[in-house]
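Enquirer: Here you go, query_11.csv (CSV, C-alpha atoms):
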chain,number,residue,atom,x,y,z
K,1,MET,CA,0.0,0.0,0.0
K,2,SER,CA,1.3,3.5,-0.8
K,3,GLU,CA,1.5,6.3,1.7
K,4,GLU,CA,-1.5,8.0,0.0
K,5,SER,CA,-3.7,5.0,0.1
K,6,ASP,CA,-2.7,4.4,3.7
K,7,ALA,CA,-3.8,7.9,4.5
K,8,ASP,CA,-7.0,7.5,2.6
K,9,ALA,CA,-7.8,4.3,4.5
K,10,ALA,CA,-6.8,5.9,7.8
K,11,MET,CA,-9.1,8.9,7.0
K,12,ASP,CA,-12.0,6.5,6.4
K,13,ARG,CA,-11.4,5.0,9.9
K,14,TYR,CA,-10.9,8.4,11.5
K,15,SER,CA,-14.2,9.7,9.9
K,16,GLU,CA,-16.0,6.8,11.5
K,17,GLY,CA,-14.6,7.7,15.0
K,18,ASP,CA,-11.3,5.8,15.2
K,19,ASP,CA,-9.2,8.5,16.9
K,20,ALA,CA,-6.0,6.4,16.7
K,21,ALA,CA,-6.2,6.6,12.8
K,22,PHE,CA,-5.5,10.4,13.1
K,23,ARG,CA,-1.8,9.7,13.7
K,24,VAL,CA,-1.5,8.1,10.2
K,25,VAL,CA,-3.4,11.0,8.6
K,26,HIS,CA,-1.4,13.6,10.4
K,27,ARG,CA,1.9,12.0,9.5
K,28,ALA,CA,1.0,11.7,5.8
K,29,LEU,CA,-0.3,15.3,5.5
K,30,ILE,CA,1.7,17.5,8.0
K,31,ASP,CA,4.7,18.3,5.8
K,32,ARG,CA,2.7,18.6,2.6
K,33,LEU,CA,0.1,21.0,4.1
K,34,ARG,CA,2.8,23.1,5.8
K,35,ALA,CA,4.8,23.4,2.6
K,36,PHE,CA,1.6,24.5,0.7
K,37,LEU,CA,0.6,27.0,3.3
K,38,LEU,CA,4.2,28.4,3.6
K,39,ARG,CA,4.2,29.0,-0.1
K,40,MET,CA,0.9,30.7,0.1
K,41,ALA,CA,1.4,32.7,3.3
K,42,LYS,CA,5.2,33.4,3.0
K,43,SER,CA,5.6,33.3,6.8
K,44,SER,CA,6.7,30.3,8.8
K,45,ALA,CA,4.9,31.4,11.9
K,46,LEU,CA,1.6,32.1,10.0
K,47,ALA,CA,2.0,28.8,8.1
K,48,ASP,CA,2.3,26.9,11.4
K,49,ASP,CA,-0.8,28.6,12.7
K,50,LEU,CA,-2.7,27.8,9.5
K,51,VAL,CA,-1.7,24.1,9.6
K,52,GLN,CA,-3.0,23.8,13.1
K,53,GLU,CA,-6.3,25.4,12.1
K,54,THR,CA,-6.4,23.1,9.1
K,55,PHE,CA,-6.2,20.0,11.3
K,56,LEU,CA,-8.8,21.4,13.7
K,57,ARG,CA,-11.2,22.0,10.8
K,58,MET,CA,-10.4,18.5,9.5
K,59,HIS,CA,-11.3,17.1,12.9
K,60,ARG,CA,-14.6,19.0,13.0
K,61,ALA,CA,-15.5,18.0,9.4
K,62,ARG,CA,-14.3,14.4,9.6
K,63,GLY,CA,-17.9,13.1,9.7
K,64,SER,CA,-18.5,14.7,6.3
K,65,PHE,CA,-15.5,12.9,4.7
K,66,LYS,CA,-16.9,10.5,2.1
K,67,ARG,CA,-15.7,6.9,2.6
K,68,GLY,CA,-13.4,5.9,-0.2
K,69,ALA,CA,-12.6,9.6,-1.1
K,70,LYS,CA,-9.0,10.8,-1.4
K,71,VAL,CA,-7.8,12.6,1.7
K,72,ILE,CA,-5.1,14.7,0.0
K,73,PRO,CA,-7.4,16.9,-2.2
K,74,TRP,CA,-9.9,17.1,0.7
K,75,SER,CA,-7.2,18.3,3.1
K,76,TYR,CA,-5.8,20.8,0.6
K,77,ALA,CA,-9.2,22.3,0.1
K,78,ILE,CA,-9.6,22.8,3.8
K,79,ALA,CA,-6.1,24.3,4.0
K,80,ARG,CA,-6.9,26.6,1.1
K,81,ASN,CA,-10.1,27.8,2.9
K,82,VAL,CA,-8.2,28.4,6.1
K,83,TYR,CA,-5.7,30.5,4.1
K,84,ILE,CA,-8.5,32.5,2.4
K,85,ASP,CA,-10.2,33.1,5.7
K,86,GLN,CA,-6.9,34.3,7.2
K,87,THR,CA,-6.3,36.5,4.3
K,88,ARG,CA,-9.7,38.1,4.5
K,89,MET,CA,-9.3,38.6,8.3
K,90,LEU,CA,-5.8,40.2,8.0
K,91,GLY,CA,-6.6,42.1,4.8
K,92,THR,CA,-3.7,44.2,3.6
K,93,LYS,CA,-1.5,43.4,6.6
K,94,ARG,CA,-1.0,39.9,5.2
K,95,GLU,CA,-0.2,41.1,1.8
K,96,LYS,CA,2.6,43.3,3.2
K,97,LEU,CA,4.0,40.2,4.9
K,98,ALA,CA,3.8,38.2,1.7
K,99,THR,CA,5.7,40.6,-0.6
K,100,THR,CA,9.0,41.0,1.1
K,101,ASP,CA,11.8,41.0,-1.6
K,102,GLU,CA,14.4,39.1,0.4
K,103,ASP,CA,13.7,35.9,2.3
K,104,PRO,CA,16.5,35.7,4.9
K,105,ASN,CA,15.7,32.0,5.4
K,106,LEU,CA,16.1,31.2,1.7
K,107,THR,CA,18.9,28.6,1.5
K,108,LEU,CA,19.7,26.4,-1.4
K,109,GLU,CA,21.3,23.0,-1.2
K,110,ALA,CA,24.6,22.9,-3.0
K,111,GLY,CA,26.4,19.9,-4.3
K,112,PRO,CA,30.1,19.3,-3.9
K,113,ASP,CA,30.8,20.6,-7.4
K,114,THR,CA,28.9,23.9,-7.0
K,115,ASN,CA,30.9,27.0,-7.1
K,116,ALA,CA,30.0,30.3,-5.4
K,117,GLU,CA,28.9,32.0,-8.7
K,118,GLU,CA,26.5,29.1,-9.5
K,119,LEU,CA,25.1,29.3,-6.0
K,120,SER,CA,24.6,33.0,-6.3
K,121,VAL,CA,22.8,32.7,-9.6
K,122,ALA,CA,20.6,30.0,-8.3
K,123,THR,CA,19.7,32.0,-5.2
K,124,ASP,CA,18.9,35.1,-7.4
K,125,LEU,CA,16.7,32.9,-9.6
K,126,ALA,CA,14.9,31.4,-6.6
K,127,ARG,CA,14.2,34.9,-5.2
K,128,ALA,CA,12.9,36.0,-8.5
K,129,VAL,CA,10.5,33.0,-8.6
K,130,GLU,CA,9.3,33.7,-5.1
K,131,ARG,CA,8.8,37.5,-5.8
K,132,THR,CA,6.9,36.6,-9.0
K,133,LEU,CA,4.7,34.0,-7.2
K,134,ALA,CA,3.9,36.5,-4.4
K,135,ALA,CA,2.8,39.1,-7.0
K,136,LEU,CA,0.5,36.7,-8.9
K,137,PRO,CA,-3.2,36.8,-8.4
K,138,VAL,CA,-4.1,34.2,-5.7
K,139,ASN,CA,-6.0,31.9,-8.1
K,140,GLN,CA,-2.9,31.6,-10.4
K,141,ARG,CA,-0.5,31.1,-7.5
K,142,GLU,CA,-2.7,28.4,-6.0
K,143,ALA,CA,-2.9,26.5,-9.3
K,144,PHE,CA,0.9,26.8,-9.9
K,145,VAL,CA,1.7,25.7,-6.3
K,146,LEU,CA,-0.7,22.8,-6.3
K,147,LEU,CA,0.5,21.5,-9.7
K,148,ARG,CA,4.2,22.3,-9.6
K,149,TYR,CA,5.2,22.2,-5.9
K,150,GLU,CA,2.6,19.9,-4.4
K,151,GLY,CA,2.5,17.5,-7.4
K,152,LEU,CA,-1.2,17.2,-7.5
K,153,SER,CA,-2.9,16.1,-10.7
K,154,VAL,CA,-4.9,18.7,-12.6
K,155,ALA,CA,-8.1,16.8,-11.6
K,156,ASP,CA,-7.1,16.9,-7.9
K,157,ALA,CA,-6.1,20.5,-8.1
K,158,ALA,CA,-9.5,21.3,-9.7
K,159,GLU,CA,-11.2,19.5,-6.8
K,160,VAL,CA,-9.2,21.5,-4.2
K,161,LEU,CA,-9.9,24.8,-6.0
K,162,GLY,CA,-13.6,24.0,-6.6
K,163,THR,CA,-13.3,24.7,-10.4
K,164,THR,CA,-12.8,22.9,-13.7
K,165,GLU,CA,-9.7,21.2,-14.9
K,166,GLY,CA,-9.6,23.7,-17.8
K,167,ALA,CA,-9.7,26.6,-15.4
K,168,VAL,CA,-6.8,25.1,-13.4
K,169,LYS,CA,-4.8,24.6,-16.6
K,170,LEU,CA,-5.4,28.2,-17.7
K,171,ARG,CA,-4.5,29.7,-14.3
K,172,ALA,CA,-1.3,27.6,-14.2
K,173,PHE,CA,-0.5,28.7,-17.8
K,174,HIS,CA,-0.7,32.4,-16.8
K,175,ALA,CA,1.5,31.7,-13.8
K,176,TYR,CA,4.1,29.9,-16.0
K,177,GLU,CA,4.0,32.8,-18.4
K,178,ALA,CA,4.6,35.3,-15.6
K,179,LEU,CA,7.5,33.2,-14.3
K,180,ARG,CA,9.0,32.9,-17.8
K,181,ALA,CA,8.9,36.7,-18.2
K,182,ALA,CA,10.4,37.3,-14.8
K,183,LEU,CA,13.2,34.8,-15.4
K,184,GLY,CA,13.8,36.4,-18.8
K,185,VAL,CA,14.3,39.7,-17.1
K,186,GLN,CA,16.5,38.1,-14.5
K,187,ASP,CA,18.6,36.5,-17.2
K,188,ARG,CA,19.1,39.9,-19.0
K,189,LYS,CA,20.2,41.4,-15.6
K,190,ARG,CA,23.1,39.0,-15.4
K,191,GLY,CA,24.2,40.3,-18.8
K,192,PRO,CA,25.9,38.8,-21.8
K,193,GLY,CA,28.5,36.1,-21.2
K,194,LYS,CA,27.0,35.0,-17.9
K,195,THR,CA,25.6,31.5,-18.0
K,196,THR,CA,24.0,29.3,-15.5
Render the structure in this file as structure tokens.

Expert:
Amino acid sequence: MSEESDADAAMDRYSEGDDAAFRVVHRALIDRLRAFLLRMAKSSALADDLVQETFLRMHRARGSFKRGAKVIPWSYAIARNVYIDQTRMLGTKREKLATTDEDPNLTLEAGPDTNAEELSVATDLARAVERTLAALPVNQREAFVLLRYEGLSVADAAEVLGTTEGAVKLRAFHAYEALRAALGVQDRKRGPGKTT
């Protein structure tokens, strides 16, 4: 059995009142949900709070989980709603938190053959991607993050977002286009003769 199918089966048991099954569900989802919410919220502390709220809402809604359904899209939809509710509550304050140009915690793993220039270029590109994602409309950022970072299928992402597969593809396409444009600008800033 895969980790996803283990989580689905555990969620079936949890929805029927087996509290011990929550450990399996939590273990399967905690890192994924935190990564998703961190990419959306751009704040570790806020992401941690949102993850806790997501699991609280999952607990409250566990009786509505349909036996045999997939827990990952269901949990992402709850996490997304938690994020949206938080965004509405904080209003423009949250947007100011999400649009910082430099992430002091941004670190990239470097292999033994990586030189300082390559690491600098990679860091600059990663920051350009993060700035571009933060500036995207929320619906485009959500589609991109769910498909590219979280690895969900288009069908699962559509279920999370409550929209059609075509809408998810279109939103992701616009996000990819914005990233291509931003990375093209970043490449021109490095100037001629500089390669990655």

Enquirer: Would you please work out which residue, of K:Glu142, K:Ala122, K:Met58, K:Ala41, is nearest to Gln86 in chain K when using only C-alpha atoms?

Expert: K:Ala41

Enquirer: Quick one: everything within 8 Å of Val24 in chain K, counting all atoms listed in the file, minus sequence neighbours fewer than 3 positions away in the same chain. Send it as an NGL selection string.

Expert: :K and (6-7 or 10 or 21 or 27-28)

Enquirer: Identify, on the basis of all atoms listed in the file, every residue whose closest approach to Glu4 in chain K does not exceed 10 Å; exclude the query and any residue fewer than 4 positions from it along the same chain; express the result as a PyMOL selection string.

Expert: chain K and resi 8-10+25+28-29+70-72

Enquirer: Which residue gives the smallest distance to Tyr149 in chain K among K:Arg180, K:His59, K:Arg34, K:Arg127, with all atoms listed in the file counted?

Expert: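 Once distances to Tyr149 in chain K are computed over all atoms listed in the file, the minimum belongs to K:Arg34.
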
Enquirer: Please determine, counting all atoms listed in the file, which residue among K:Leu90, K:Ala182, K:Val145, K:Leu33 has the shortest atom-to-atom distance to Asp124 in chain K.

Expert: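 Closest to Asp124 in chain K, using all atoms listed in the file: K:Ala182.
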
Enquirer: Provide the CA of Arg39 in chain K to CA of Arg88 in chain K distance in Å, to one decimal place.

Expert: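 Distance between the two atoms: 17.2 Å.
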
Enquirer: Using all atoms listed in the file, list the residues that have an atom at most 10 Å from (-0.6, 26.1, 11.8), coordinates as in the file, as a list in words.

Expert: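 Nearby residues: Ile30, Leu33, Arg34, Leu37, Leu38, Ser44, Ala45, Leu46, Ala47, Asp48, Asp49, Leu50, Val51, Gln52, Glu53, Thr54, Phe55, Leu56, Ala79 and Val82 of chain K.
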
Enquirer: What's the separation between CA of Ala155 in chain K and CA of Gly68 in chain K, in Å to one decimal place?

Expert: 16.6 Å

Enquirer: How many Å lie between CA of Thr163 in chain K and CA of Ala143 in chain K, rounded to one decimal?

Expert: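 Pair CA of Thr163 in chain K / CA of Ala143 in chain K returns 10.6 Å.
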
Enquirer: Calculated over all atoms listed in the file, which of the candidates K:Ala172, K:Val129, K:Lys42, K:Gly184 has the smallest distance to Thr87 in chain K?

Expert: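 Looking only at the distances to Thr87 in chain K, the closest residue turns out to be K:Lys42.
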
Enquirer: If we draw a sphere of 8 Å around (-9.4, 15.9, -3.6), which residues have at least one atom in it when counting all atoms listed in the file? Please report them as a PyMOL selection string.

Expert: chain K and resi 69-77+156-157+159-160

Enquirer: Neighbours of Ala128 in chain K within 9 Å (only C-alpha atoms; same-chain residues fewer than 2 positions away dropped), as a PyMOL selection string?

Expert: chain K and resi 101+123-126+130-133+179+182-183+186

Enquirer: Skipping near chain neighbours, those fewer than 6 positions away, what residues fall within 10 Å of Tyr176 in chain K using only C-alpha atoms, listed as a VMD selection string?

Expert: chain K and resid 133 140 to 141 144 148 170 182

Enquirer: Taking all atoms listed in the file into account, which of K:Arg57, K:Phe65, K:Val121, K:Phe36 comes nearest Leu146 in chain K?

Expert: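 Of K:Arg57, K:Phe65, K:Val121, K:Phe36, the one nearest Leu146 in chain K is K:Phe36, counting all atoms listed in the file.
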